[in-house]
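Source file: entry04.tsv; contents: TSV, C-alpha atoms.
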```
chain	number	residue	atom	x	y	z
A	1001	MET	CA	-11.52	0.07	-14.39
A	1002	ALA	CA	-13.53	0.71	-11.22
A	1003	GLN	CA	-16.63	-1.42	-10.93
A	1004	ARG	CA	-19.62	0.88	-10.23
A	1005	THR	CA	-21.85	-1.59	-8.45
A	1006	LYS	CA	-25.07	-0.08	-7.13
A	1007	MET	CA	-24.34	0.20	-3.45
A	1008	ALA	CA	-26.62	-1.67	-1.06
A	1009	ALA	CA	-24.98	-0.37	2.08
A	1010	VAL	CA	-25.92	-1.71	5.49
A	1011	ARG	CA	-25.65	0.21	8.73
A	1012	TRP	CA	-22.80	-1.06	10.85
A	1013	THR	CA	-21.42	0.43	14.04
A	1014	PRO	CA	-17.67	-0.23	14.24
A	1015	PRO	CA	-16.18	-1.36	17.54
A	1016	ALA	CA	-14.52	1.35	19.57
A	1017	ASN	CA	-11.07	2.09	18.29
A	1018	PRO	CA	-8.80	0.45	20.92
A	1019	ARG	CA	-5.99	2.97	20.39
A	1020	PRO	CA	-6.29	5.59	17.64
A	1021	VAL	CA	-3.08	5.97	15.64
A	1022	ARG	CA	-2.30	9.55	14.67
A	1023	ARG	CA	0.82	10.99	13.12
A	1024	ARG	CA	1.36	13.79	15.57
A	1025	GLY	CA	3.27	12.52	18.58
A	1026	ASP	CA	3.35	8.89	17.41
A	1027	ALA	CA	6.46	7.03	18.57
A	1028	ARG	CA	8.50	5.47	15.74
A	1029	THR	CA	9.20	1.76	16.26
A	1030	LEU	CA	10.21	0.96	12.66
A	1031	PRO	CA	13.33	2.30	10.92
A	1032	GLU	CA	13.24	3.33	7.28
A	1033	PRO	CA	13.04	0.03	5.35
A	1034	ARG	CA	15.68	-0.81	2.79
A	1035	ARG	CA	14.10	-1.09	-0.63
A	1036	ILE	CA	14.50	-3.91	-3.15
A	1037	GLU	CA	13.40	-2.09	-6.29
A	1038	LEU	CA	11.21	-4.07	-8.69
A	1039	PRO	CA	10.43	-3.68	-12.41
A	1040	GLY	CA	6.78	-2.91	-11.73
A	1041	ALA	CA	4.20	-1.91	-9.14
A	1042	GLY	CA	2.29	-3.67	-6.41
A	1043	PRO	CA	4.17	-6.56	-4.73
A	1044	GLU	CA	1.00	-7.30	-2.76
A	1045	HIS	CA	2.24	-10.48	-1.05
A	1046	ILE	CA	5.53	-12.34	-0.59
A	1047	ALA	CA	6.43	-16.02	-0.36
A	1048	VAL	CA	9.84	-17.34	0.68
A	1049	ASP	CA	11.30	-20.74	-0.23
A	1050	ALA	CA	13.64	-22.89	1.89
A	1051	ALA	CA	16.69	-21.18	0.39
A	1052	GLY	CA	15.45	-17.71	1.34
A	1053	THR	CA	14.49	-16.68	-2.18
A	1054	LEU	CA	11.47	-14.38	-2.43
A	1055	PHE	CA	8.50	-14.60	-4.79
A	1056	THR	CA	5.97	-11.85	-5.39
A	1057	GLY	CA	3.33	-10.84	-7.91
A	1058	LEU	CA	2.95	-7.49	-9.65
A	1059	ALA	CA	-0.07	-5.52	-10.82
A	1060	ASP	CA	0.65	-6.41	-14.46
A	1061	GLY	CA	0.35	-10.16	-13.79
A	1062	ARG	CA	4.02	-11.10	-13.54
A	1063	ILE	CA	5.39	-13.40	-10.84
A	1064	LEU	CA	8.94	-12.49	-9.85
A	1065	ARG	CA	11.74	-14.45	-8.22
A	1066	VAL	CA	13.74	-12.01	-6.08
A	1067	THR	CA	17.01	-12.66	-4.26
A	1068	PRO	CA	17.63	-10.99	-0.88
A	1069	GLU	CA	20.44	-9.09	-2.63
A	1070	GLY	CA	17.94	-7.50	-5.00
A	1071	GLU	CA	18.13	-9.45	-8.27
A	1072	ALA	CA	14.63	-9.85	-9.72
A	1073	ARG	CA	13.50	-11.83	-12.74
A	1074	THR	CA	10.15	-12.92	-14.12
A	1075	VAL	CA	9.30	-16.61	-13.68
A	1076	ALA	CA	5.66	-16.61	-14.86
A	1077	ASP	CA	2.72	-14.43	-15.84
A	1078	THR	CA	-0.79	-15.18	-14.59
A	1079	GLY	CA	-2.49	-12.94	-17.13
A	1080	GLY	CA	-4.42	-11.35	-14.28
A	1081	ARG	CA	-3.61	-9.69	-10.95
A	1082	PRO	CA	-1.79	-12.00	-8.49
A	1083	LEU	CA	-2.40	-11.26	-4.82
A	1084	GLY	CA	-1.74	-13.88	-2.13
A	1085	LEU	CA	0.82	-16.56	-2.93
A	1086	GLU	CA	2.29	-19.46	-0.98
A	1087	MET	CA	4.91	-22.10	-1.69
A	1088	LEU	CA	3.47	-25.40	-2.94
A	1089	GLY	CA	6.40	-27.71	-2.36
A	1090	GLU	CA	9.71	-26.25	-3.53
A	1091	ASP	CA	9.01	-25.78	-7.21
A	1092	ALA	CA	5.48	-24.40	-7.36
A	1093	LEU	CA	3.28	-21.65	-6.00
A	1094	VAL	CA	-0.40	-21.49	-5.25
A	1095	VAL	CA	-1.58	-18.03	-6.31
A	1096	CYS	CA	-4.77	-16.12	-5.61
A	1097	ASP	CA	-5.46	-14.07	-8.71
A	1098	ALA	CA	-8.05	-11.32	-8.25
A	1099	TYR	CA	-9.38	-11.83	-11.79
A	1100	ARG	CA	-8.70	-15.49	-12.62
A	1101	GLY	CA	-9.26	-17.32	-9.32
A	1102	LEU	CA	-7.05	-19.87	-7.56
A	1103	LEU	CA	-4.01	-20.85	-9.64
A	1104	GLU	CA	-1.05	-23.20	-9.50
A	1105	VAL	CA	2.20	-21.88	-10.97
A	1106	GLN	CA	5.04	-24.26	-11.80
A	1107	LEU	CA	8.33	-22.40	-11.37
A	1108	SER	CA	10.36	-24.81	-13.52
A	1109	ASP	CA	8.48	-24.11	-16.76
A	1110	ALA	CA	6.23	-21.11	-15.99
A	1111	THR	CA	3.09	-23.21	-16.44
A	1112	VAL	CA	-0.03	-21.56	-15.01
A	1113	ARG	CA	-2.98	-23.87	-14.21
A	1114	VAL	CA	-6.37	-22.68	-13.04
A	1115	LEU	CA	-7.51	-24.71	-10.02
A	1116	VAL	CA	-10.73	-22.83	-9.19
A	1117	SER	CA	-12.40	-20.23	-11.39
A	1118	GLU	CA	-15.95	-20.57	-10.08
A	1119	VAL	CA	-17.74	-21.82	-6.98
A	1120	GLU	CA	-21.23	-23.31	-7.20
A	1121	GLY	CA	-21.61	-21.85	-10.67
A	1122	GLU	CA	-20.57	-18.33	-9.63
A	1123	PRO	CA	-17.35	-16.82	-11.03
A	1124	LEU	CA	-14.67	-16.55	-8.37
A	1125	THR	CA	-13.92	-12.84	-8.32
A	1126	PHE	CA	-11.49	-11.21	-5.90
A	1127	CYS	CA	-9.65	-14.35	-4.81
A	1128	SER	CA	-7.40	-12.92	-2.12
A	1129	ASN	CA	-5.12	-15.06	0.05
A	1130	ALA	CA	-4.25	-18.73	0.64
A	1131	ALA	CA	-2.72	-21.17	3.12
A	1132	VAL	CA	-1.52	-24.68	2.28
A	1133	ALA	CA	-1.98	-27.51	4.78
A	1134	ALA	CA	0.44	-30.42	5.15
A	1135	ASP	CA	-2.02	-32.79	3.45
A	1136	GLY	CA	-2.05	-30.57	0.35
A	1137	SER	CA	-5.41	-28.95	1.05
A	1138	THR	CA	-5.48	-25.26	0.13
A	1139	TYR	CA	-7.61	-22.85	2.13
A	1140	PHE	CA	-8.26	-19.53	0.44
A	1141	THR	CA	-10.34	-16.40	0.81
A	1142	GLN	CA	-12.60	-14.34	-1.41
A	1143	SER	CA	-12.75	-10.73	-0.26
A	1144	SER	CA	-16.08	-9.79	-1.81
A	1145	ARG	CA	-18.77	-11.24	-4.05
A	1146	ARG	CA	-19.95	-7.76	-5.04
A	1147	TYR	CA	-16.80	-5.77	-5.81
A	1148	ASN	CA	-13.59	-6.56	-7.66
A	1149	ILE	CA	-10.10	-5.39	-6.76
A	1150	ASP	CA	-10.42	-2.21	-8.82
A	1151	SER	CA	-13.36	-1.18	-6.64
A	1152	TYR	CA	-12.32	-2.61	-3.27
A	1153	ARG	CA	-13.14	0.66	-1.49
A	1154	GLY	CA	-16.76	0.14	-2.48
A	1155	ASP	CA	-16.94	-2.99	-0.33
A	1156	LEU	CA	-15.48	-1.12	2.63
A	1157	PHE	CA	-18.11	1.63	2.23
A	1158	GLU	CA	-20.95	-0.84	1.71
A	1159	HIS	CA	-19.82	-3.32	4.37
A	1160	SER	CA	-21.33	-6.11	2.29
A	1161	THR	CA	-19.95	-8.96	4.46
A	1162	THR	CA	-19.90	-11.25	1.42
A	1163	GLY	CA	-16.36	-12.53	1.97
A	1164	ARG	CA	-15.88	-16.31	2.05
A	1165	LEU	CA	-13.39	-18.99	3.10
A	1166	PHE	CA	-12.95	-22.07	0.89
A	1167	ARG	CA	-11.10	-25.37	0.96
A	1168	TYR	CA	-9.70	-26.87	-2.24
A	1169	ARG	CA	-8.86	-30.56	-1.93
A	1170	ASP	CA	-8.61	-33.45	-4.40
A	1171	GLY	CA	-9.84	-31.28	-7.26
A	1172	ALA	CA	-12.99	-30.11	-5.46
A	1173	VAL	CA	-13.83	-26.84	-3.70
A	1174	GLU	CA	-16.16	-26.29	-0.76
A	1175	VAL	CA	-17.32	-23.27	1.21
A	1176	ILE	CA	-16.10	-23.48	4.80
A	1177	ALA	CA	-17.53	-20.19	6.09
A	1178	ASP	CA	-19.02	-16.96	4.75
A	1179	GLY	CA	-20.25	-13.58	6.00
A	1180	PHE	CA	-16.78	-12.03	6.39
A	1181	ALA	CA	-16.31	-8.27	6.22
A	1182	PHE	CA	-13.76	-8.27	3.37
A	1183	ALA	CA	-11.99	-11.60	3.99
A	1184	ASN	CA	-8.29	-11.19	3.34
A	1185	GLY	CA	-5.22	-12.83	4.88
A	1186	ILE	CA	-5.32	-16.39	6.23
A	1187	VAL	CA	-3.02	-18.64	8.27
A	1188	LEU	CA	-3.53	-22.11	9.73
A	1189	VAL	CA	-3.21	-22.59	13.50
A	1190	ASP	CA	-3.46	-25.32	16.15
A	1191	ASP	CA	-1.28	-27.74	14.18
A	1192	ASP	CA	-2.03	-31.40	14.84
A	1193	ASP	CA	0.41	-34.33	14.70
A	1194	ASP	CA	0.28	-34.34	10.89
A	1195	GLY	CA	1.10	-30.65	10.62
A	1196	ASP	CA	-2.39	-29.70	9.44
A	1197	GLY	CA	-4.20	-26.77	10.98
A	1198	ALA	CA	-7.28	-27.53	13.08
A	1199	ALA	CA	-8.38	-23.92	12.59
A	1200	ALA	CA	-7.71	-20.92	10.41
A	1201	VAL	CA	-7.30	-17.28	11.31
A	1202	VAL	CA	-8.78	-14.88	8.74
A	1203	ALA	CA	-8.19	-11.13	8.56
A	1204	GLU	CA	-11.41	-9.18	8.10
A	1205	THR	CA	-10.17	-5.93	6.62
A	1206	GLY	CA	-13.59	-4.28	6.76
A	1207	GLY	CA	-14.20	-5.46	10.33
A	1208	TYR	CA	-10.86	-4.30	11.80
A	1209	CYS	CA	-10.34	-7.75	13.27
A	1210	LEU	CA	-9.02	-11.29	13.05
A	1211	THR	CA	-11.47	-14.20	13.14
A	1212	ARG	CA	-10.81	-17.82	14.05
A	1213	VAL	CA	-12.59	-20.45	11.93
A	1214	GLU	CA	-12.80	-24.12	12.91
A	1215	LEU	CA	-11.76	-26.53	10.14
A	1216	GLU	CA	-12.44	-29.95	11.63
A	1217	GLY	CA	-15.32	-31.99	13.03
A	1218	PRO	CA	-18.89	-30.88	13.74
A	1219	ASP	CA	-17.78	-27.31	14.47
A	1220	THR	CA	-16.31	-26.82	10.98
A	1221	GLY	CA	-17.05	-23.29	9.85
A	1222	ARG	CA	-17.74	-21.91	13.32
A	1223	LYS	CA	-16.30	-18.42	13.74
A	1224	SER	CA	-15.04	-16.69	16.87
A	1225	PRO	CA	-12.98	-13.55	17.58
A	1226	PHE	CA	-9.22	-13.99	17.56
A	1227	GLY	CA	-7.83	-11.29	19.78
A	1228	PRO	CA	-9.29	-7.81	20.29
A	1229	PRO	CA	-10.35	-5.35	17.55
A	1230	LEU	CA	-7.48	-3.72	15.65
A	1231	PRO	CA	-6.70	0.00	15.33
A	1232	GLY	CA	-6.39	-0.26	11.54
A	1233	PHE	CA	-7.09	-2.28	8.41
A	1234	PRO	CA	-5.45	-5.74	8.45
A	1235	ASP	CA	-4.43	-7.33	5.15
A	1236	ASN	CA	-2.30	-10.45	4.57
A	1237	LEU	CA	-1.25	-12.76	7.40
A	1238	THR	CA	1.84	-14.96	7.71
A	1239	ARG	CA	3.27	-17.28	10.38
A	1240	ASP	CA	6.95	-17.30	11.25
A	1241	ALA	CA	9.14	-20.14	12.52
A	1242	GLU	CA	8.29	-19.22	16.12
A	1243	GLY	CA	4.56	-19.51	15.48
A	1244	LEU	CA	3.92	-15.76	15.62
A	1245	ILE	CA	1.30	-14.40	13.24
A	1246	TRP	CA	2.41	-11.25	11.40
A	1247	ILE	CA	-0.40	-8.89	10.43
A	1248	ALA	CA	0.26	-6.46	7.60
A	1249	MET	CA	-1.56	-3.24	8.54
A	1250	VAL	CA	-2.45	-1.17	5.49
A	1251	THR	CA	-3.42	2.02	7.27
A	1252	PRO	CA	-4.98	3.26	10.52
A	1253	ARG	CA	-8.74	3.44	10.91
A	1254	ASP	CA	-10.24	6.56	9.37
A	1255	PRO	CA	-12.54	8.62	11.64
A	1256	ALA	CA	-14.56	9.78	8.61
A	1257	LEU	CA	-15.27	6.20	7.52
A	1258	ASP	CA	-16.10	5.13	11.09
A	1259	TRP	CA	-18.56	8.03	11.22
A	1260	LEU	CA	-20.14	7.08	7.88
A	1261	LEU	CA	-20.64	3.36	8.48
A	1262	PRO	CA	-23.58	3.64	10.95
A	1263	ARG	CA	-25.22	6.44	8.91
A	1264	HIS	CA	-27.84	6.25	6.18
A	1265	PRO	CA	-26.58	4.25	3.19
A	1266	ARG	CA	-27.20	7.18	0.87
A	1267	LEU	CA	-24.36	9.11	2.51
A	1268	ARG	CA	-21.91	6.34	1.70
A	1269	SER	CA	-23.25	6.10	-1.84
A	1270	LEU	CA	-22.58	9.81	-2.28
A	1271	VAL	CA	-19.00	9.46	-0.99
A	1272	TRP	CA	-18.46	6.41	-3.21
A	1273	ALA	CA	-19.53	8.52	-6.21
A	1274	THR	CA	-16.89	11.19	-5.56
A	1275	PRO	CA	-13.39	11.05	-7.12
A	1276	GLN	CA	-11.11	8.66	-5.25
A	1277	ARG	CA	-8.80	11.47	-4.14
A	1278	LEU	CA	-11.68	12.86	-2.04
A	1279	GLN	CA	-12.43	9.55	-0.33
A	1280	PRO	CA	-10.83	8.22	2.87
A	1281	GLY	CA	-7.60	6.55	1.84
A	1282	GLU	CA	-4.27	5.06	2.90
A	1283	LYS	CA	-1.94	7.16	5.04
A	1284	ASP	CA	1.84	7.55	4.60
A	1285	MET	CA	2.67	4.87	7.12
A	1286	ALA	CA	4.50	1.51	7.31
A	1287	TRP	CA	3.01	-0.86	9.88
A	1288	ALA	CA	3.09	-4.50	10.98
A	1289	ILE	CA	1.90	-6.25	14.14
A	1290	ALA	CA	2.86	-9.68	15.48
A	1291	VAL	CA	0.49	-11.68	17.70
A	1292	ASN	CA	0.87	-15.02	19.47
A	1293	ALA	CA	-1.31	-18.14	19.29
A	1294	GLU	CA	-3.89	-16.52	21.57
A	1295	GLY	CA	-4.14	-13.37	19.46
A	1296	GLU	CA	-2.19	-11.28	21.98
A	1297	GLN	CA	0.08	-8.61	20.53
A	1298	VAL	CA	3.75	-9.26	21.19
A	1299	ARG	CA	5.36	-6.84	18.74
A	1300	GLU	CA	4.45	-3.74	16.76
A	1301	LEU	CA	6.54	-1.97	14.15
A	1302	ARG	CA	5.24	1.28	12.73
A	1303	ALA	CA	6.43	4.63	11.47
A	1304	TRP	CA	5.13	7.57	9.47
A	1305	GLY	CA	6.91	8.99	6.42
A	1306	VAL	CA	9.69	6.41	6.01
A	1307	GLY	CA	9.37	5.99	2.25
A	1308	TYR	CA	7.17	2.89	2.32
A	1309	LYS	CA	3.40	2.75	2.84
A	1310	ALA	CA	0.18	0.76	2.38
A	1311	VAL	CA	1.77	-2.44	3.73
A	1312	THR	CA	-0.16	-5.51	2.58
A	1313	ALA	CA	2.37	-8.22	3.49
A	1314	ALA	CA	4.81	-8.86	6.32
A	1315	ARG	CA	6.83	-12.05	5.85
A	1316	ARG	CA	9.57	-13.00	8.30
A	1317	SER	CA	12.55	-15.06	7.14
A	1318	GLY	CA	15.13	-15.57	9.85
A	1319	GLU	CA	15.75	-12.15	11.38
A	1320	THR	CA	14.55	-10.28	8.30
A	1321	LEU	CA	11.02	-8.97	7.80
A	1322	TYR	CA	9.98	-8.41	4.19
A	1323	LEU	CA	7.18	-5.96	3.46
A	1324	GLY	CA	4.87	-5.93	0.46
A	1325	SER	CA	2.52	-3.22	-0.74
A	1326	LEU	CA	-0.39	-2.78	-3.13
A	1327	THR	CA	1.13	0.47	-4.44
A	1328	GLU	CA	4.93	0.47	-3.97
A	1329	HIS	CA	7.46	-0.45	-6.67
A	1330	ALA	CA	9.68	-2.27	-4.17
A	1331	ILE	CA	9.84	-4.85	-1.40
A	1332	GLY	CA	10.65	-3.31	1.95
A	1333	VAL	CA	13.36	-4.93	4.10
A	1334	VAL	CA	13.61	-4.58	7.87
A	1335	GLU	CA	16.36	-6.25	9.91
A	1336	LEU	CA	14.69	-7.37	13.12
A	1337	GLY	CA	17.95	-8.22	14.84
A	1338	SER	CA	18.86	-4.55	15.01
A	1339	LEU	CA	15.59	-3.47	16.66
```
Write-out of the structure in structure tokens:
Amino acid sequence: MAQRTKMAAVRWTPPANPRPVRRRGDARTLPEPRRIELPGAGPEHIAVDAAGTLFTGLADGRILRVTPEGEARTVADTGGRPLGLEMLGEDALVVCDAYRGLLEVQLSDATVRVLVSEVEGEPLTFCSNAAVAADGSTYFTQSSRRYNIDSYRGDLFEHSTTGRLFRYRDGAVEVIADGFAFANGIVLVDDDDDGDGAAAVVAETGGYCLTRVELEGPDTGRKSPFGPPLPGFPDNLTRDAEGLIWIAMVTPRDPALDWLLPRHPRLRSLVWATPQRLQPGEKDMAWAIAVNAEGEQVRELRAWGVGYKAVTAARRSGETLYLGSLTEHAIGVVELGSL
């Protein structure tokens, strides 16, 4: 059920849209994805093990193991709403559950263990995405402290900037940085000799941008822009074997929302009170962008009306790109070698 938090909207002027994306006249750079149909909705994120097997979570709480050929079976149930998930060794997953917090799921026996359910005495709501360092530390994001997943649009209207980045290590959790505009996807970058990331890159969905966060030394927690502003809403992030960061782009920026954000908060409160079908929403578009270690775009795949939309995950395995979505009942499959 949508969470009707009393909106405390702040005025925010979005950065200029670097290149508005409109359906009319837009060049298609993505073919129609092949679909791996699933027994449920919302494969929001995708993890891949060393053998190429896929794992994803559904809106009803199930975690699925999915073969590239399309065989899907349930391996666990979080009892909540799994979002971001990453491999933890070869027989476990770390899972961000929007309702239950940060979890560890053992694939051998379906055991679900809660790692973090609260931070500094506050319930961990809207746990979003995670990255696992070589030393076992888990970095993870919280999208909002004011809105849950059922009301995520409210945070985009309010622009609460209450998103946070945490580190979980040796049974303890600490806040690394806060003040994110809807913190979402995360990857580790600048690997050192031990394979640990010296910094993280966080997707700020409500800020149309990626942000670099230092993880070591006296600058820990310092934030800086990672690449230019984006022409849409970024969601989950992944890194491929070549070091490229794949950005799942949910939808292009909405001119109506960009117009509302600098206006009086009451206007946004009125829009938030209308039925969801009347609010700015996701477009019928599939979209993913790849950037290099400097945040420079090196590849963009997008198309309107190809039977897959609201992309929240883009995970490369070999020459295959797997797409996840908050709303679809399937994983999308794109063969990069043919593009």
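For Val1066 in chain A, the residues within 8 Å (counting only C-alpha atoms, excluding itself and residues fewer than 4 positions away along the chain) are Thr1053, Leu1054, Phe1055, Thr1056, Gly1070, Glu1071, Ala1072 and Arg1073 of chain A.
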- Task: Rounded to one decimal place, report the CA of Val1105 in chain A-CA of Glu1086 in chain A distance in Å.
- Result: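 Interatomic distance here is 10.3 Å.
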- Item | Close residues, range 1024-1036 of chain A itself excluded, 7 Å, only C-alpha atoms, min 4 positions apart in chain, as a list in words |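 Close residues of range 1024-1036 of chain A: Gly1070, Leu1301, Arg1302, Ala1303, Val1306, Gly1307, Ala1330, Ile1331, Gly1332, Val1333 and Val1334 of chain A.
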Give me a file of those residues, with C-alpha atoms, as a PDB file, in the coordinates of the input.
```pdb
ATOM      1  CA  GLY A1070      17.940  -7.500  -5.000  1.00  0.00           C
ATOM      2  CA  LEU A1301       6.540  -1.970  14.150  1.00  0.00           C
ATOM      3  CA  ARG A1302       5.240   1.280  12.730  1.00  0.00           C
ATOM      4  CA  ALA A1303       6.430   4.630  11.470  1.00  0.00           C
ATOM      5  CA  VAL A1306       9.690   6.410   6.010  1.00  0.00           C
ATOM      6  CA  GLY A1307       9.370   5.990   2.250  1.00  0.00           C
ATOM      7  CA  ALA A1330       9.680  -2.270  -4.170  1.00  0.00           C
ATOM      8  CA  ILE A1331       9.840  -4.850  -1.400  1.00  0.00           C
ATOM      9  CA  GLY A1332      10.650  -3.310   1.950  1.00  0.00           C
ATOM     10  CA  VAL A1333      13.360  -4.930   4.100  1.00  0.00           C
ATOM     11  CA  VAL A1334      13.610  -4.580   7.870  1.00  0.00           C
TER      12      VAL A1334
END
```
- Show which residues sit within 9 Å of range 1015-1021 of chain A, as a count of residues only. Count only C-alpha atoms, and ignore same-chain residues fewer than 6 positions away. 9
- Message: Considering all atoms listed in the file, can you say which of A:Gly1337, A:Val1114, A:Glu1044, A:Phe1157 comes closest to Leu1270 in chain A?
- Response: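 With all atoms listed in the file as the atom set, the closest residue is A:Phe1157.
Using all atoms listed in the file, the shortest contact distance between Gly1163 in chain A and any of A:Met1087, A:Cys1127, A:Val1095, A:Val1189 is found at A:Cys1127.
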- Name all residues at most 12 Å from Gly1197 in chain A (count only C-alpha atoms; drop same-chain ones fewer than 4 positions away) and give them as an MDAnalysis selection string. chainID A and resid 1131:1139 1186:1193 1201 1212:1216
- Which residues, written as a PyMOL selection string, have at least one atom at most 6 Å from Ala1248 in chain A, with only C-alpha atoms counted and residues fewer than 4 positions away on the same chain left out? chain A and resi 1234-1236+1288+1311-1314
From the block you just saw, export range 1214-1228 of chain A: N, CA and C atoms, as a short mmCIF file (atom, residue, chain, number, x, y, z; two decimals), in the first residue's frame.
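Listing of out.cif after writing:
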```
data_model
loop_
_atom_site.label_atom_id
_atom_site.label_comp_id
_atom_site.auth_asym_id
_atom_site.auth_seq_id
_atom_site.Cartn_x
_atom_site.Cartn_y
_atom_site.Cartn_z
N GLU A 1214 34.35 8.48 -1.81
CA GLU A 1214 35.60 7.91 -1.34
C GLU A 1214 35.34 6.96 -0.17
N LEU A 1215 36.07 5.84 -0.13
CA LEU A 1215 35.85 4.81 0.88
C LEU A 1215 37.03 4.59 1.80
N GLU A 1216 38.15 5.26 1.55
CA GLU A 1216 39.35 5.02 2.33
C GLU A 1216 39.97 6.32 2.82
N GLY A 1217 40.68 6.22 3.95
CA GLY A 1217 41.47 7.34 4.45
C GLY A 1217 40.66 8.51 4.96
N PRO A 1218 41.32 9.67 5.11
CA PRO A 1218 40.66 10.84 5.69
C PRO A 1218 39.55 11.41 4.83
N ASP A 1219 39.54 11.05 3.54
CA ASP A 1219 38.49 11.55 2.65
C ASP A 1219 37.26 10.64 2.60
N THR A 1220 37.22 9.61 3.42
CA THR A 1220 36.09 8.68 3.41
C THR A 1220 34.77 9.45 3.52
N GLY A 1221 33.88 9.15 2.60
CA GLY A 1221 32.58 9.80 2.59
C GLY A 1221 32.49 11.01 1.70
N ARG A 1222 33.64 11.49 1.21
CA ARG A 1222 33.60 12.67 0.33
C ARG A 1222 32.97 12.31 -1.00
N LYS A 1223 32.06 13.18 -1.47
CA LYS A 1223 31.33 12.93 -2.71
C LYS A 1223 31.79 13.89 -3.81
N SER A 1224 31.77 13.39 -5.04
CA SER A 1224 32.09 14.23 -6.19
C SER A 1224 31.34 13.69 -7.41
N PRO A 1225 31.04 14.53 -8.39
CA PRO A 1225 30.33 14.05 -9.58
C PRO A 1225 31.14 13.00 -10.32
N PHE A 1226 30.45 12.01 -10.86
CA PHE A 1226 31.08 10.99 -11.68
C PHE A 1226 30.44 11.07 -13.06
N GLY A 1227 31.11 11.80 -13.94
CA GLY A 1227 30.54 12.02 -15.26
C GLY A 1227 29.49 13.12 -15.25
N PRO A 1228 28.98 13.47 -16.42
CA PRO A 1228 28.01 14.56 -16.53
C PRO A 1228 26.60 14.11 -16.10
#
```
